[in-house]
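**Student:** Here's a structure for you.
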Amino acid sequence: MNEEQHREQHRARVVLVDDHRMFRTGVQAEIGNTAETGVEVVGEAADVDQAVTVITATRPDVVLLDVHLPGGGGVEVLRRSATLMADPEHPVRFLALSVSDAAEDVIGVIRGGARGYVTKTITGADLVRAVFRVAEGDAVFSPRLAGFVLDAFASTDAPPVDEDLDRLTQREREVLRLIARGYAYKEIAKQLFISVKTVESHVSAVLRKLQLSNRHELTRWATARRLV
């Protein structure tokens with residue numbers, strides 16, 4: 001199946017997040033002709049609050065996310081979208097699209113949960129390909145940026161042991177991951193062959209040990225540690 005046939009069968013719903021209206025207009029013109037590209041732009045946003053509102057309302061396949069935004073930047077959008085990224089049925093995936101190629105920007109959004117990072121020098125055709133790859137769960141990077149990420153995650157400076165995670169039993173970790181993926185208590189009970197009451201007990205223990213207040217905080221905690 002060639003690329004054109006693939007796009008005829010598949011559509012990628014996209015939200016554009018960038019504080020420059022002219023840039024959003026340009027991206028829309030480059031990739032938004034759905035009949036040709038398979039990409040449907042379903043929303044736009046210019047700052048963090050708008051982004052979270054639009055992404056929550058539209059549940060796109062991919063968010064093209066600028067790194068530097070009013071209201072806290074792309075990392076804040078990712079933080080506030082943790083539950084959407086963790087949705088087991090329809091995860092929202094993020095592809096950073098930025099003028100910056102600074103290592104700290106790349107590493108920051110990847111640690112936040114983005115599936116890739118491309119710079120604004122990318123062509124329209126390559127951006128369309130990147131959108132579909134990210135929608136399918138792949139990681140995509142502009143040339144040389146992948147090296148930043150590999151170096152960062154291979155760093156010996158990172159602590160080899162997560163003391164918070166070590167406080168949890170194996171069963172508590174299993175429950176934690178399923179909660180973070182959006183499963184209901186009944187679904188967790190069925191999957192782990194335990195009672196709903198036991199699930200509730202495990203969740204209470206996890207929240208207490210990690211000093212968290214609710215399942216939303218728990219989801220953010222698990223997503224930040226790549227446990228989902």
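Letters for chains follow the order of the structure tokens (A, B, ...), residue numbers begin at 1 for each chain, and ligand numbers begin at 1 in the order shown.
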What lies within 8 Å of Ala45 in chain A using only C-alpha atoms, ignoring chain neighbours under 6 positions off, as a short mmCIF file (atom, residue, chain, number, x, y, z; two decimals) with N, CA, C and O atoms, in the first residue's frame?
**Tutor:**
data_model
loop_
_atom_site.label_atom_id
_atom_site.label_comp_id
_atom_site.auth_asym_id
_atom_site.auth_seq_id
_atom_site.Cartn_x
_atom_site.Cartn_y
_atom_site.Cartn_z
N VAL A 15 -4.66 19.14 16.01
CA VAL A 15 -4.82 20.48 16.59
C VAL A 15 -3.48 21.21 16.47
O VAL A 15 -2.43 20.62 16.76
N LEU A 16 -3.51 22.46 16.04
CA LEU A 16 -2.31 23.29 15.91
C LEU A 16 -2.21 24.21 17.13
O LEU A 16 -3.14 24.97 17.41
N VAL A 17 -1.09 24.15 17.83
CA VAL A 17 -0.88 25.01 19.00
C VAL A 17 0.38 25.85 18.76
O VAL A 17 1.49 25.32 18.77
N ASP A 18 0.18 27.14 18.51
CA ASP A 18 1.30 28.05 18.27
C ASP A 18 0.79 29.46 18.49
O ASP A 18 -0.34 29.78 18.12
N ASP A 19 1.61 30.31 19.10
CA ASP A 19 1.12 31.65 19.42
C ASP A 19 1.24 32.63 18.25
O ASP A 19 0.86 33.80 18.38
N ALA A 51 -5.11 25.91 24.47
CA ALA A 51 -4.68 24.59 23.99
C ALA A 51 -5.36 23.48 24.75
O ALA A 51 -5.92 22.54 24.16
N VAL A 54 -9.12 23.31 23.83
CA VAL A 54 -9.38 22.79 22.48
C VAL A 54 -9.04 21.30 22.39
O VAL A 54 -9.79 20.51 21.81
#
**Student:** Write out as a PyMOL selection string each polymer residue whose atoms come within 12 Å of Glu76 in chain A, counting only C-alpha atoms; drop sequence neighbours fewer than 6 positions from it.
**Tutor:** chain A and resi 47-52+65-70+82+108-109+111-114+220
**Student:** Which residues come within 12 Å of Val199 in chain A, counting only C-alpha atoms, excluding same-chain residues fewer than 2 positions away, as a PyMOL selection string?
**Tutor:** chain A and resi 171-176+178-179+183-197+201-206
**Student:** Expressed in Å to a single decimal, how great is the separation between CA of Ser100 in chain A and CA of Thr219 in chain A?
**Tutor:** 29.0 Å
**Student:** By how many Å are CA of Val63 in chain A and CA of Val14 in chain A apart?
**Tutor:**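 These two atoms are separated by 5.6 Å.
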**Student:** Going by DSSP on the backbone, which bits of range 41-110 of chain A are alpha helix (DSSP H)? Write them as an MDAnalysis selection string, please.
**Tutor:** chainID A and resid 48:58 73:80 82:85 103:110
**Student:** Which residues come within 12 Å of Ile110 in chain A, counting only C-alpha atoms, excluding same-chain residues fewer than 5 positions away, as an mmCIF file with N, CA, C and O atoms, in the first residue's frame?
**Tutor:**
data_model
loop_
_atom_site.group_PDB
_atom_site.id
_atom_site.type_symbol
_atom_site.label_atom_id
_atom_site.label_comp_id
_atom_site.auth_asym_id
_atom_site.auth_seq_id
_atom_site.Cartn_x
_atom_site.Cartn_y
_atom_site.Cartn_z
ATOM 1 N N LEU A 65 2.625 20.949 18.604
ATOM 2 C CA LEU A 65 2.781 21.787 19.787
ATOM 3 C C LEU A 65 4.054 22.624 19.731
ATOM 4 O O LEU A 65 5.162 22.070 19.644
ATOM 5 N N VAL A 67 6.899 24.862 21.487
ATOM 6 C CA VAL A 67 7.541 24.729 22.796
ATOM 7 C C VAL A 67 7.322 25.971 23.652
ATOM 8 O O VAL A 67 7.051 25.888 24.847
ATOM 9 N N GLY A 74 4.957 24.665 26.136
ATOM 10 C CA GLY A 74 4.474 23.360 25.722
ATOM 11 C C GLY A 74 4.503 22.324 26.819
ATOM 12 O O GLY A 74 3.632 21.445 26.886
ATOM 13 N N VAL A 75 5.471 22.413 27.715
ATOM 14 C CA VAL A 75 5.571 21.450 28.813
ATOM 15 C C VAL A 75 4.338 21.518 29.710
ATOM 16 O O VAL A 75 3.840 20.495 30.195
ATOM 17 N N LEU A 78 1.480 19.730 28.053
ATOM 18 C CA LEU A 78 1.660 18.283 28.230
ATOM 19 C C LEU A 78 1.262 17.849 29.645
ATOM 20 O O LEU A 78 0.581 16.834 29.829
ATOM 21 N N ARG A 79 1.687 18.610 30.626
ATOM 22 C CA ARG A 79 1.368 18.260 32.017
ATOM 23 C C ARG A 79 -0.131 18.209 32.235
ATOM 24 O O ARG A 79 -0.651 17.286 32.880
ATOM 25 N N ARG A 93 -1.718 12.149 21.051
ATOM 26 C CA ARG A 93 -0.263 12.147 20.954
ATOM 27 C C ARG A 93 0.225 13.533 20.538
ATOM 28 O O ARG A 93 -0.449 14.246 19.800
ATOM 29 N N PHE A 94 1.405 13.878 21.023
ATOM 30 C CA PHE A 94 1.948 15.216 20.803
ATOM 31 C C PHE A 94 3.231 15.154 19.992
ATOM 32 O O PHE A 94 4.119 14.340 20.258
ATOM 33 N N LEU A 95 3.321 16.051 18.990
ATOM 34 C CA LEU A 95 4.532 16.236 18.204
ATOM 35 C C LEU A 95 4.945 17.692 18.331
ATOM 36 O O LEU A 95 4.207 18.589 17.920
ATOM 37 N N ALA A 96 6.101 17.929 18.952
ATOM 38 C CA ALA A 96 6.586 19.298 19.095
ATOM 39 C C ALA A 96 7.021 19.826 17.732
ATOM 40 O O ALA A 96 7.713 19.141 16.974
ATOM 41 N N ALA A 103 18.845 21.773 23.036
ATOM 42 C CA ALA A 103 18.734 20.466 23.692
ATOM 43 C C ALA A 103 17.747 20.499 24.851
ATOM 44 O O ALA A 103 16.956 19.569 25.032
ATOM 45 N N GLU A 104 17.777 21.587 25.655
ATOM 46 C CA GLU A 104 16.893 21.628 26.818
ATOM 47 C C GLU A 104 15.424 21.672 26.426
ATOM 48 O O GLU A 104 14.559 21.134 27.130
ATOM 49 N N ASP A 105 15.100 22.310 25.282
ATOM 50 C CA ASP A 105 13.709 22.341 24.819
ATOM 51 C C ASP A 105 13.276 20.956 24.353
ATOM 52 O O ASP A 105 12.172 20.497 24.659
ATOM 53 N N ARG A 115 5.765 12.705 21.621
ATOM 54 C CA ARG A 115 6.258 11.536 20.892
ATOM 55 C C ARG A 115 7.341 11.893 19.877
ATOM 56 O O ARG A 115 7.918 11.004 19.248
ATOM 57 N N GLY A 116 7.617 13.177 19.713
ATOM 58 C CA GLY A 116 8.636 13.558 18.754
ATOM 59 C C GLY A 116 8.866 15.053 18.762
ATOM 60 O O GLY A 116 8.181 15.801 19.475
ATOM 61 N N TYR A 117 9.832 15.479 17.963
ATOM 62 C CA TYR A 117 10.206 16.895 17.936
ATOM 63 C C TYR A 117 10.780 17.198 16.562
ATOM 64 O O TYR A 117 11.771 16.590 16.142
ATOM 65 N N VAL A 118 10.135 18.113 15.855
ATOM 66 C CA VAL A 118 10.636 18.553 14.553
ATOM 67 C C VAL A 118 10.731 20.072 14.557
ATOM 68 O O VAL A 118 9.993 20.755 15.270
ATOM 69 N N ALA A 139 7.963 7.354 17.201
ATOM 70 C CA ALA A 139 8.662 8.569 17.634
ATOM 71 C C ALA A 139 9.356 9.183 16.424
ATOM 72 O O ALA A 139 9.944 8.472 15.611
ATOM 73 N N VAL A 140 9.260 10.509 16.288
ATOM 74 C CA VAL A 140 9.803 11.197 15.119
ATOM 75 C C VAL A 140 10.645 12.389 15.567
ATOM 76 O O VAL A 140 10.202 13.186 16.401
ATOM 77 N N PHE A 141 11.838 12.509 14.983
ATOM 78 C CA PHE A 141 12.717 13.635 15.309
ATOM 79 C C PHE A 141 13.352 14.193 14.046
ATOM 80 O O PHE A 141 13.666 13.437 13.117
ATOM 81 N N LEU A 145 18.396 15.871 16.386
ATOM 82 C CA LEU A 145 17.710 16.096 17.655
ATOM 83 C C LEU A 145 17.553 14.795 18.449
ATOM 84 O O LEU A 145 17.522 14.814 19.672
ATOM 85 N N ALA A 146 17.459 13.668 17.751
ATOM 86 C CA ALA A 146 17.326 12.394 18.461
ATOM 87 C C ALA A 146 18.523 12.148 19.371
ATOM 88 O O ALA A 146 18.394 11.536 20.434
ATOM 89 N N PHE A 148 20.107 14.280 21.185
ATOM 90 C CA PHE A 148 19.897 14.948 22.469
ATOM 91 C C PHE A 148 19.132 14.033 23.424
ATOM 92 O O PHE A 148 19.452 13.921 24.603
ATOM 93 N N VAL A 149 18.081 13.409 22.873
ATOM 94 C CA VAL A 149 17.213 12.579 23.706
ATOM 95 C C VAL A 149 17.946 11.323 24.166
ATOM 96 O O VAL A 149 17.882 10.947 25.338
ATOM 97 N N LEU A 150 18.655 10.680 23.244
ATOM 98 C CA LEU A 150 19.407 9.480 23.611
ATOM 99 C C LEU A 150 20.439 9.795 24.682
ATOM 100 O O LEU A 150 20.597 9.044 25.655
ATOM 101 N N ALA A 152 20.327 12.244 26.830
ATOM 102 C CA ALA A 152 19.668 12.617 28.082
ATOM 103 C C ALA A 152 19.196 11.396 28.847
ATOM 104 O O ALA A 152 19.374 11.295 30.062
ATOM 105 N N PHE A 153 18.594 10.440 28.130
ATOM 106 C CA PHE A 153 18.027 9.291 28.820
ATOM 107 C C PHE A 153 19.074 8.224 29.129
ATOM 108 O O PHE A 153 18.832 7.323 29.922
ATOM 109 N N THR A 223 2.591 9.049 34.405
ATOM 110 C CA THR A 223 2.981 9.455 33.053
ATOM 111 C C THR A 223 4.362 10.092 33.044
ATOM 112 O O THR A 223 5.178 9.838 32.157
ATOM 113 N N ALA A 224 4.636 10.901 34.066
ATOM 114 C CA ALA A 224 5.937 11.561 34.139
ATOM 115 C C ALA A 224 7.074 10.557 34.270
ATOM 116 O O ALA A 224 8.213 10.828 33.869
ATOM 117 N N ARG A 225 6.767 9.380 34.820
ATOM 118 C CA ARG A 225 7.797 8.353 35.013
ATOM 119 C C ARG A 225 7.745 7.266 33.951
ATOM 120 O O ARG A 225 8.370 6.220 34.074
ATOM 121 N N ARG A 226 6.966 7.505 32.884
ATOM 122 C CA ARG A 226 6.877 6.553 31.772
ATOM 123 C C ARG A 226 6.362 5.181 32.225
ATOM 124 O O ARG A 226 6.801 4.147 31.728
#
**Student:** For a quick check of understanding, using only C-alpha atoms, which of A:Glu200, A:Gly182, A:Lys120, A:Lys209 has the smallest distance to Pro88 in chain A?
**Tutor:**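 Between A:Glu200, A:Gly182, A:Lys120, A:Lys209, the residue approaching Pro88 in chain A most closely is A:Gly182.
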